[in-house]
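Student: File follows, target.txt with compact mmCIF, C-alpha atoms:
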```
# COMPACT_ATOMS: atom_id res chain seq x y z
CA MET A 1 89.87 110.36 91.61
CA ARG A 2 88.63 107.62 93.92
CA TYR A 3 90.29 104.23 94.09
CA HIS A 4 88.77 100.92 95.15
CA ASN A 5 90.50 97.79 96.32
CA PRO A 6 88.04 95.02 95.40
CA LYS A 7 88.60 91.33 96.06
CA ILE A 8 88.95 89.60 92.73
CA PRO A 9 86.82 86.43 92.48
CA GLU A 10 88.70 83.14 92.20
CA GLY A 11 88.70 80.79 89.25
CA ILE A 12 88.74 83.29 86.38
CA ASN A 13 92.01 82.20 84.91
CA ILE A 14 91.82 78.48 85.58
CA SER A 15 89.53 75.97 83.86
CA SER A 16 87.16 74.28 86.25
CA THR A 17 87.73 70.82 84.72
CA HIS A 18 89.52 68.46 87.07
CA PRO A 19 93.02 67.79 85.73
CA LEU A 20 92.50 64.03 85.90
CA ALA A 21 89.23 64.21 83.98
CA ASP A 22 90.91 66.44 81.42
CA PHE A 23 93.74 63.93 81.13
CA ALA A 24 91.40 60.95 80.79
CA TRP A 25 89.36 62.61 78.04
CA MET A 26 92.42 63.50 76.03
CA LEU A 27 93.94 60.04 76.43
CA THR A 28 90.76 58.25 75.35
CA GLY A 29 90.24 60.60 72.42
CA ILE A 30 93.77 60.22 71.15
CA ALA A 31 93.77 56.45 71.66
CA LEU A 32 90.51 56.10 69.72
CA GLY A 33 91.79 58.34 66.95
CA LEU A 34 94.97 56.35 66.67
CA LEU A 35 93.06 53.09 66.66
CA ALA A 36 90.81 54.32 63.86
CA LEU A 37 93.87 55.40 61.89
CA VAL A 38 95.64 52.07 62.28
CA VAL A 39 92.52 50.00 61.61
CA SER A 40 91.73 51.89 58.41
CA ALA A 41 95.37 51.57 57.34
CA HIS A 42 95.17 47.82 57.92
CA LEU A 43 92.05 47.51 55.82
CA LEU A 44 93.60 49.64 53.11
CA ALA A 45 96.77 47.52 53.16
CA ALA A 46 94.77 44.29 52.70
CA TRP A 47 93.21 45.77 49.58
CA LEU A 48 96.35 47.39 48.22
CA VAL A 49 98.97 44.68 48.79
CA PRO A 50 97.74 42.04 46.29
CA GLN A 51 97.79 44.71 43.55
CA LEU A 52 101.48 45.52 43.98
CA PRO A 53 103.88 43.68 41.68
CA PHE A 54 106.65 41.50 43.17
CA GLN A 55 109.24 43.84 41.69
CA PHE A 56 108.03 46.38 44.25
CA GLU A 57 109.17 44.09 47.07
CA GLN A 58 112.59 43.76 45.48
CA LYS A 59 112.77 47.53 45.23
CA ILE A 60 112.04 47.94 48.94
CA LEU A 61 114.73 45.40 49.76
CA ARG A 62 117.34 47.28 47.79
CA THR A 63 117.05 50.21 50.20
CA VAL A 64 118.10 48.19 53.26
CA GLU A 65 120.70 45.55 53.93
CA PRO A 66 118.57 42.45 54.53
CA VAL A 67 119.07 40.65 57.81
CA TRP A 68 120.15 37.41 56.10
CA GLU A 69 123.01 39.19 54.31
CA ILE A 70 124.35 40.19 57.70
CA GLN A 71 123.75 36.76 59.20
CA THR A 72 125.32 34.81 56.33
CA LYS A 73 128.34 37.10 56.56
CA LEU A 74 128.75 36.24 60.23
CA ALA A 75 128.27 32.50 59.89
CA SER A 76 130.00 30.47 57.19
CA ALA A 77 127.87 29.90 54.12
CA ASP A 78 127.16 26.36 53.02
CA GLU A 79 126.52 26.02 49.28
CA LYS A 80 125.58 22.36 49.45
CA LYS A 81 122.81 22.82 52.00
CA ALA A 82 121.54 26.00 50.34
CA ASP A 83 121.44 24.21 47.01
CA TYR A 84 119.52 21.24 48.44
CA LEU A 85 116.95 23.52 50.12
CA GLN A 86 116.54 25.63 46.97
CA LYS A 87 115.91 22.53 44.83
CA LEU A 88 113.36 21.13 47.27
CA ALA A 89 111.55 24.48 47.27
CA ASN A 90 111.57 24.56 43.45
CA ARG A 91 110.09 21.08 43.21
CA LEU A 92 107.36 21.97 45.69
CA ALA A 93 106.62 25.25 43.92
CA GLN A 94 106.04 23.34 40.67
CA GLN A 95 102.90 21.84 42.22
CA ASP A 96 101.22 25.22 41.88
CA THR A 97 101.44 28.03 39.34
CA LEU A 98 103.20 30.81 41.24
CA PRO A 99 101.98 34.37 40.67
CA GLU A 100 103.78 36.30 37.97
CA GLY A 101 107.09 37.81 39.06
CA LEU A 102 107.53 35.70 42.20
CA VAL A 103 111.02 34.20 42.27
CA VAL A 104 111.53 32.03 45.34
CA LYS A 105 115.00 32.21 46.88
CA VAL A 106 115.82 29.96 49.82
CA ARG A 107 118.55 31.24 52.16
CA TYR A 108 120.36 28.93 54.54
CA ILE A 109 121.53 30.51 57.80
CA ASN A 110 123.99 28.66 59.98
CA THR A 111 122.66 29.45 63.46
CA PRO A 112 121.15 27.10 66.07
CA LYS A 113 117.88 29.08 66.07
CA ILE A 114 114.96 26.74 65.40
CA ASN A 115 112.93 28.74 62.92
CA ALA A 116 112.18 29.41 59.30
CA PHE A 117 110.39 32.36 57.83
CA ALA A 118 109.28 34.03 54.64
CA THR A 119 110.09 37.64 53.99
CA LEU A 120 110.00 40.34 51.32
CA GLY A 121 111.20 39.71 47.79
CA GLY A 122 110.37 35.98 47.70
CA ASN A 123 113.01 35.09 50.29
CA ILE A 124 112.68 32.10 52.61
CA LEU A 125 115.14 31.87 55.49
CA ILE A 126 115.95 28.54 57.07
CA HIS A 127 118.09 28.21 60.19
CA GLN A 128 120.37 25.25 60.88
CA GLY A 129 118.55 24.66 64.19
CA LEU A 130 115.43 23.75 62.25
CA LEU A 131 117.28 21.23 60.04
CA ASP A 132 118.78 19.60 63.13
CA ASN A 133 115.34 18.91 64.50
CA LEU A 134 113.86 17.26 61.43
CA HIS A 135 114.53 13.74 60.16
CA THR A 136 112.30 13.44 57.12
CA GLU A 137 112.11 15.36 53.88
CA ASN A 138 108.35 15.40 54.34
CA GLY A 139 108.67 17.40 57.56
CA LEU A 140 111.06 19.87 55.92
CA ALA A 141 108.87 20.09 52.82
CA MET A 142 105.92 21.05 55.02
CA VAL A 143 107.90 23.93 56.54
CA ILE A 144 109.14 25.18 53.15
CA ALA A 145 105.71 24.81 51.56
CA HIS A 146 104.19 26.72 54.46
CA GLU A 147 106.61 29.59 53.85
CA LEU A 148 105.84 29.38 50.12
CA GLY A 149 102.20 29.85 51.10
CA HIS A 150 103.11 33.08 52.92
CA LEU A 151 104.93 34.33 49.82
CA VAL A 152 102.08 33.47 47.46
CA HIS A 153 99.58 35.19 49.75
CA ARG A 154 101.87 38.27 49.97
CA ASP A 155 101.90 38.04 53.77
CA PRO A 156 105.41 39.56 54.24
CA LEU A 157 104.50 42.67 52.27
CA LEU A 158 101.23 43.01 54.15
CA ALA A 159 103.00 42.71 57.51
CA THR A 160 105.68 45.20 56.47
CA GLY A 161 103.10 47.63 55.14
CA ARG A 162 101.05 47.45 58.31
CA ALA A 163 104.06 47.83 60.55
CA THR A 164 105.23 50.82 58.52
CA VAL A 165 101.84 52.51 58.80
CA SER A 166 101.76 51.94 62.55
CA LEU A 167 105.28 53.25 62.93
CA ALA A 168 104.41 56.28 60.80
CA ALA A 169 101.40 56.98 63.03
CA ILE A 170 103.66 56.82 66.07
CA ALA A 171 106.27 59.05 64.46
CA LEU A 172 103.53 61.53 63.61
CA ILE A 173 102.36 61.68 67.20
CA SER A 174 105.77 61.79 68.84
CA GLY A 175 106.79 64.46 66.34
CA PHE A 176 103.93 66.72 67.31
CA SER A 177 103.98 66.22 71.03
CA GLU A 178 106.96 67.56 72.91
CA THR A 179 107.01 64.49 75.12
CA ARG A 180 107.80 61.02 73.90
CA VAL A 181 104.74 59.51 75.56
CA ALA A 182 103.17 58.05 72.50
CA GLU A 183 106.41 56.62 71.28
CA ASN A 184 106.98 54.83 74.56
CA LEU A 185 103.45 53.52 74.75
CA PHE A 186 103.20 52.20 71.24
CA SER A 187 106.70 50.99 70.47
CA LEU A 188 105.83 47.63 72.04
CA SER A 189 102.83 46.99 69.86
CA ALA A 190 104.75 48.06 66.77
CA GLN A 191 107.52 45.60 67.47
CA SER A 192 105.12 42.69 67.70
CA LEU A 193 103.43 43.86 64.50
CA LEU A 194 106.73 43.71 62.64
CA LEU A 195 107.36 40.12 63.58
CA SER A 196 104.24 38.10 63.25
CA PHE A 197 101.64 37.01 60.79
CA SER A 198 98.05 36.66 61.94
CA ARG A 199 96.50 33.34 62.88
CA GLN A 200 94.39 33.48 59.78
CA GLN A 201 97.48 33.96 57.62
CA GLU A 202 99.16 30.99 59.29
CA ARG A 203 96.11 28.79 58.71
CA ARG A 204 95.95 29.81 55.05
CA ALA A 205 99.66 29.05 54.61
CA ASP A 206 99.18 25.64 56.29
CA GLN A 207 96.32 24.84 53.95
CA TYR A 208 98.38 25.88 50.95
CA ALA A 209 101.32 23.76 52.15
CA LEU A 210 99.14 20.66 52.61
CA ASN A 211 97.93 21.02 49.03
CA LEU A 212 101.50 21.21 47.75
CA LEU A 213 102.52 18.15 49.80
CA ASN A 214 99.56 16.22 48.49
CA GLY A 215 100.53 17.08 44.94
CA TYR A 216 104.21 16.28 45.46
CA TYR A 217 104.12 13.12 47.59
CA GLY A 218 100.56 12.00 46.95
CA HIS A 219 99.89 12.16 50.73
CA THR A 220 100.47 14.52 53.67
CA ALA A 221 101.95 12.07 56.16
CA GLY A 222 104.86 13.54 58.17
CA ALA A 223 103.51 17.09 57.88
CA THR A 224 103.35 17.48 61.65
CA GLU A 225 106.97 16.42 62.26
CA PHE A 226 108.21 19.91 63.01
CA PHE A 227 105.42 20.60 65.48
CA GLU A 228 106.02 17.31 67.25
CA SER A 229 109.73 17.99 67.63
CA VAL A 230 108.94 21.50 68.91
CA GLU A 231 106.71 20.05 71.62
CA THR A 232 109.46 17.72 72.90
CA LEU A 233 112.14 20.43 72.66
CA ALA A 234 110.11 23.03 74.53
CA ASP A 235 110.43 20.87 77.64
CA ASN A 236 114.16 21.54 78.10
CA THR A 237 115.78 24.94 78.66
CA ARG A 238 118.29 24.89 75.80
CA GLY A 239 115.68 23.87 73.27
CA TYR A 240 113.31 26.45 74.67
CA ASN A 241 115.84 29.26 74.19
CA GLN A 242 116.49 28.29 70.60
CA LEU A 243 112.74 28.29 70.01
CA LEU A 244 112.04 31.71 71.52
CA GLU A 245 111.79 33.42 68.15
CA PHE A 246 109.51 30.70 66.82
CA PHE A 247 107.21 31.05 69.86
CA ASP A 248 107.14 34.82 69.38
CA THR A 249 106.04 34.58 65.79
CA HIS A 250 103.78 31.54 66.10
CA PRO A 251 101.47 31.80 69.11
CA ASN A 252 98.95 29.11 68.18
CA ARG A 253 101.07 26.05 67.42
CA GLY A 254 98.88 23.53 69.29
CA ALA A 255 95.74 24.32 67.36
CA ARG A 256 97.62 24.35 64.08
CA MET A 257 99.15 20.95 64.73
CA ASP A 258 95.74 19.45 65.46
CA THR A 259 94.27 20.91 62.28
CA ILE A 260 97.14 19.60 60.17
CA ALA A 261 97.04 16.18 61.83
CA ALA A 262 93.32 15.90 61.13
CA THR A 263 93.90 16.24 57.37
CA ILE A 264 96.44 13.41 57.14
CA SER A 265 94.50 10.63 55.44
CA ASP A 266 97.29 8.10 55.11
CA PRO A 267 99.49 8.30 58.25
CA THR A 268 101.41 5.11 57.44
CA ALA A 269 102.62 6.27 54.01
CA PRO A 270 106.39 5.88 53.57
CA LEU A 271 108.43 9.00 54.43
CA VAL A 272 111.61 10.18 52.71
CA PRO A 273 114.57 10.54 55.12
CA LEU A 274 116.68 13.72 55.04
CA PRO A 275 120.26 13.38 53.67
CA ASP A 276 122.92 13.26 56.41
CA PHE A 277 124.85 16.33 55.25
CA LEU A 278 121.98 18.60 56.33
CA SER A 279 122.56 18.08 60.02
CA SER A 280 125.19 20.16 61.77
CA THR A 281 128.35 18.50 63.07
CA ARG A 282 127.32 19.45 66.58
CA ARG A 283 124.83 16.61 66.76
CA MET B 1 107.39 47.32 79.07
CA PHE B 2 109.99 48.88 81.35
CA GLU B 3 109.52 52.23 79.60
CA VAL B 4 105.77 52.15 80.13
CA ILE B 5 106.17 51.38 83.85
CA THR B 6 108.68 54.22 84.26
CA LEU B 7 106.34 56.58 82.47
CA LEU B 8 103.36 55.57 84.58
CA THR B 9 105.30 55.84 87.83
CA LEU B 10 106.62 59.28 86.97
CA THR B 11 103.16 60.45 85.99
CA VAL B 12 101.56 59.18 89.19
CA ILE B 13 104.33 60.67 91.37
CA GLY B 14 104.04 63.91 89.41
CA TYR B 15 100.30 64.04 89.95
CA ILE B 16 100.39 63.28 93.68
CA PHE B 17 103.16 65.71 94.62
CA GLY B 18 102.19 68.27 92.00
CA SER B 19 98.60 68.56 93.14
CA LEU B 20 99.56 68.54 96.85
CA ASN B 21 102.00 71.36 96.21
CA GLU B 22 99.53 73.30 94.13
CA ARG B 23 96.79 73.10 96.74
CA ARG B 24 99.15 74.19 99.49
CA HIS B 25 100.48 77.03 97.37
CA PHE B 26 97.02 78.37 96.54
CA ARG B 27 96.07 78.29 100.23
CA SER B 28 99.18 80.27 101.07
CA ILE B 29 98.55 82.73 98.21
CA LEU B 30 95.00 83.45 99.44
CA GLU B 31 96.25 83.98 103.01
CA ARG B 32 99.04 86.35 102.07
CA GLU B 33 96.89 88.27 99.61
CA GLU B 34 94.61 89.01 102.56
CA THR B 35 97.45 90.18 104.83
CA LEU B 36 99.02 92.31 102.08
CA ARG B 37 95.75 93.98 101.00
CA GLY B 38 97.05 97.20 102.51
CA VAL B 39 99.71 97.52 99.81
CA SER B 40 97.89 98.82 96.73
CA THR B 41 99.10 98.24 93.19
CA PHE B 42 98.45 100.52 90.21
CA THR B 43 99.23 100.16 86.56
CA THR B 44 99.30 103.96 85.95
CA ARG B 45 102.77 105.43 85.55
CA ILE B 46 102.20 108.70 87.42
CA PRO B 47 100.46 109.06 90.79
CA PRO B 48 97.24 111.15 90.52
CA GLN B 49 98.50 113.77 93.00
CA PRO B 50 101.91 115.43 93.03
CA TYR B 51 104.23 113.33 95.19
CA SER B 52 107.50 114.37 96.77
CA GLY B 53 108.22 111.52 99.21
CA ALA B 54 110.58 108.56 98.98
CA SER B 55 110.28 106.20 96.03
CA HIS B 56 111.97 102.83 95.67
CA LEU B 57 111.94 99.97 93.23
CA ALA B 58 109.83 97.04 94.47
CA THR B 59 110.41 93.64 92.85
CA GLY B 60 109.12 90.11 93.27
CA ASN B 61 110.47 87.16 91.40
CA VAL B 62 109.42 83.49 91.30
CA VAL B 63 110.26 80.35 89.35
CA ILE B 64 107.81 77.45 89.41
CA SER B 65 108.51 74.08 87.88
CA ILE B 66 105.95 71.87 86.18
CA ASP B 67 105.59 68.28 87.30
CA TYR B 68 105.62 65.19 85.12
CA PHE B 69 101.85 64.88 85.10
CA LYS B 70 101.48 68.43 83.80
CA LYS B 71 104.11 67.75 81.17
CA ILE B 72 102.34 64.64 79.87
CA SER B 73 98.96 66.31 80.08
CA ALA B 74 100.17 69.34 78.11
CA GLY B 75 101.85 67.02 75.62
CA LEU B 76 98.55 65.28 74.94
CA ARG B 77 96.80 68.64 74.78
CA SER B 78 99.19 69.79 72.06
CA LEU B 79 97.79 67.03 69.84
CA VAL B 80 94.16 68.03 70.12
CA GLY B 81 94.32 71.74 70.92
CA GLY B 82 92.32 73.74 73.45
CA ARG B 83 92.95 75.29 76.86
CA VAL B 84 96.04 73.86 78.47
CA ASN B 85 94.40 73.17 81.80
CA ALA B 86 97.64 71.89 83.31
CA TYR B 87 99.61 75.08 82.62
CA GLU B 88 96.85 77.58 83.44
CA SER B 89 97.06 76.97 87.16
CA LEU B 90 100.86 76.99 86.98
CA VAL B 91 101.04 80.42 85.36
CA GLU B 92 98.34 81.76 87.69
CA ARG B 93 100.33 80.65 90.73
CA ALA B 94 103.53 82.17 89.38
CA ARG B 95 101.90 85.49 88.56
CA ARG B 96 100.17 85.89 91.94
CA GLU B 97 103.24 84.74 93.85
CA ALA B 98 105.41 87.29 92.03
CA VAL B 99 102.97 90.11 92.81
CA LEU B 100 102.83 89.01 96.46
CA ARG B 101 106.61 89.00 96.73
CA MET B 102 106.72 92.46 95.17
CA LYS B 103 104.18 93.70 97.71
CA ALA B 104 106.17 92.14 100.55
CA ASP B 105 109.30 93.82 99.20
CA ALA B 106 107.54 97.20 99.19
CA GLN B 107 106.25 96.63 102.72
CA ARG B 108 109.75 95.81 103.91
CA GLN B 109 110.86 99.19 102.59
CA GLY B 110 108.01 100.91 104.43
CA LEU B 111 106.00 101.61 101.26
CA ASP B 112 102.30 100.92 100.72
CA MET B 113 101.60 101.87 97.09
CA ILE B 114 103.22 100.50 93.95
CA PHE B 115 102.80 102.41 90.68
CA ASN B 116 103.61 101.41 87.14
CA VAL B 117 103.41 97.70 87.96
CA LYS B 118 104.83 95.48 85.20
CA LEU B 119 105.07 91.72 84.81
CA GLU B 120 107.74 89.90 82.88
CA THR B 121 107.62 86.17 82.16
CA ALA B 122 110.31 83.85 80.92
CA SER B 123 110.62 80.13 80.29
CA ILE B 124 113.65 78.72 82.01
CA THR B 125 114.25 75.79 79.66
CA LYS B 126 112.88 77.41 76.48
CA GLY B 127 111.36 74.11 75.35
CA ALA B 128 114.67 72.23 75.30
CA LYS B 129 114.24 68.47 74.78
CA GLY B 130 114.47 66.23 77.80
CA GLN B 131 114.12 69.11 80.23
CA ILE B 132 111.34 69.70 82.71
CA GLY B 133 109.96 73.15 82.01
CA ALA B 134 109.77 75.96 84.54
CA VAL B 135 108.19 79.39 84.30
CA GLU B 136 109.66 82.56 85.74
CA VAL B 137 107.55 85.61 86.56
CA LEU B 138 109.05 88.92 87.63
CA ALA B 139 106.79 91.65 89.00
CA TYR B 140 108.17 95.14 89.53
CA GLY B 141 107.01 98.70 90.07
CA THR B 142 107.75 101.99 91.80
CA GLY B 143 106.95 101.88 95.48
CA LEU B 144 105.60 105.03 97.15
CA SER B 145 104.22 105.80 100.56
CA ARG B 146 100.77 107.24 101.41
CA THR B 147 102.31 109.04 104.38
CA PRO B 148 105.56 110.46 103.09
```
Spit out the file's structure as C-alpha cells when you get a sec.
Tutor:
Amino acid sequence: MRYHNPKIPEGINISSTHPLADFAWMLTGIALGLLALVVSAHLLAAWLVPQLPFQFEQKILRTVEPVWEIQTKLASADEKKADYLQKLANRLAQQDTLPEGLVVKVRYINTPKINAFATLGGNILIHQGLLDNLHTENGLAMVIAHELGHLVHRDPLLATGRATVSLAAIALISGFSETRVAENLFSLSAQSLLLSFSRQQERRADQYALNLLNGYYGHTAGATEFFESVETLADNTRGYNQLLEFFDTHPNRGARMDTIAATISDPTAPLVPLPDFLSSTRR
Amino acid sequence: MFEVITLLTLTVIGYIFGSLNERRHFRSILEREETLRGVSTFTTRIPPQPYSGASHLATGNVVISIDYFKKISAGLRSLVGGRVNAYESLVERARREAVLRMKADAQRQGLDMIFNVKLETASITKGAKGQIGAVEVLAYGTGLSRTP
C-alpha cells in the first residue's frame, strides 16, 4: 500500500464571506424584520383599539397595582382637592356624550411634579405641582379636558398596546438569541414608547379640549395658561426639574401653544379664578 | 444609552483583537504545518506492516476562546440560521492547532507516524449565561517510528 502526503488546500472549512460583511447583512436583515413587525403591529393596534370595550381596560388594570395607588399611599390623600377636580371633570365631560362604558376618575397626587396625564381605565392623574402653577379654572379646565380627549380617543390603550407589542418583539428576540444584544439595543426605544402619545394624538386631544371649553365657558380664553407658566418655569433649574416628565412626554409644546392661541377668539373674556385651597402650603 | 455604548465598545474591541489574533494564529499554523510535514498521521487503527518498535501515546490539546464580536455575530446568526461564519474559523483553528501539538508531541518522543488519530471536542462553558464561550479540541493517537 502506498501512502501520499498531499497539501490540503486552504479555505474548505471556512466561509469566504468577510466577517464584517456577514455581520452587517444579518444586522440589517434583523433590523428590517423587526421594523416590519412593529410597524404592522402599530397599524393593527390602531384598528383594534377602538373596538375594545372600556371594561377591557379595567380588566388590564386589575392585574397590576396602578402607579397612582402607590403614589397616593406615599403622599397624604386630599379628599377636598380630589373632589373639586372630579367635579370639574364631570362638568366638562357633560359638554360631550362620552363613549359607552367610559367612567372618568380623576386622581389627585400630592407631589411637586408639574404634570397631568390620562391612563388606562378612564383615569386622569393630576399632580400638585400642576395646580401650584395655575391661577384660573379655565387653565385647569383646559388641562383636564385635554386628558379627557386622550381618554375618549382611547390613546392610553393604544400606547399600552403598542408598547406591549414592541416589548414582546424584544422578548422574542432576546429569548432566541443567547446574547442580550437586542434587548440592550431596543430597551431605550421601548421605554419612550411606553411614555408618550404621538404629536397627532396631542393635537387631537387639544382640539377636543377646546371644543369642551367652548361649550362650557362659551369661549376658550385662558386655554394657554399652563403652557405660558411652563415657559417661564423652564427658565429656572428647580422648575425645570419638576417639569422633566412633562418635557419627556410632550416634545412639541411650542407649536401646540401657538395652535391653541390662534383659536382663542375672545382673549379678554372674564376668567374664573381657582379656589385657594387647591394650592399647596409650600407657596 | 450606556448599555449600547458598552456593547458597541466591546464589539469593536472584540473585532480588532479577535481578527488580529486569528490572522496571526493562521500564519503560525501554516508555518508549523510545513515544518511538521514529516510526521504523518493516519486514521487506520493498525499499521499496514507488522511493527515491533516503540509505540507511545501522542496528544495535543488546545482551548480557544471566542471574542465578543464572534459572540454577537453568532447570536444574530442564531436568529436567521445559516453557516455560523464566526465560529467556523474558530473551530478550524482549534482543530489544526490540536493536531499540530500532537505532531510536536510525537516528534519530541522521536516518533514520526501517528496511527488511530482521534479528535475530541468540548465546550468549556457549555452555553452558560453570561459566559464567554471557549472550545477545547484534543487530538490523540498512537505514535510509531519509521525506523524502529
Student: Choose the residue, out of B:Val117, B:Leu111, B:Leu10, B:Leu79, that has the smallest atom-to-atom separation from A:Leu34; count only C-alpha atoms.
Tutor: B:Leu79
Student: Please, what distance in Å, to one decimal, runs between atom CA of A:Thr28 and atom CA of B:Asn21?
Tutor: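 So the two atoms, atom CA of A:Thr28 and atom CA of B:Asn21, lie 27.1 Å apart.
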Student: What gap, in Å, lies between atom CA of A:Leu85 and atom CA of A:Glu147?
Tutor: 12.6 Å
Student: Taking only C-alpha atoms into account, which of A:Asp276, A:Asp155, A:Leu120, A:Gln207 comes nearest A:Lys59?
Tutor: A:Leu120
Student: What does the distance between atom CA of B:Gly141 and atom CA of B:Ile114 come to in Å, to one decimal place?
Tutor: 5.7 Å
Student: Looking at only C-alpha atoms, which of A:Pro6, A:Gly11, A:Pro19, A:Pro99 is the one that sits closest to B:Asn85?
Tutor: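 Looking only at the distances to B:Asn85, the closest residue turns out to be A:Pro19.
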Student: Got a sec to pull out which chain B residues are within 7 Å of chain A, counting all atoms listed in the file, and send them as a ChimeraX atom specification?
Tutor: /B:3-4,72-73,75-79,85-86,88-89,92
Student: What lies within 6 Å of B:Ala139 using all atoms listed in the file, ignoring chain neighbours under 5 positions off, as a VMD selection string?
Tutor: chain B and resid 59 to 60 98 to 99 118 to 119
Student: Of the residues A:Leu43, A:Ala262, A:Leu212, A:Val106, which is the one nearest to A:Leu158, using all atoms listed in the file?
Tutor: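 Using all atoms listed in the file, A:Leu158 sits closest to A:Leu43.
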Student: Can you sort out the box for stretch 78-85 of chain B, edges along x, y and z, all listed atoms in, 3 Å on every side, with centre and edge lengths in Å to one decimal, as JSON?
Tutor:
```
{"center_x": 95.8, "center_y": 71.2, "center_z": 75.8, "size_x": 12.9, "size_y": 14.3, "size_z": 18.0}
```
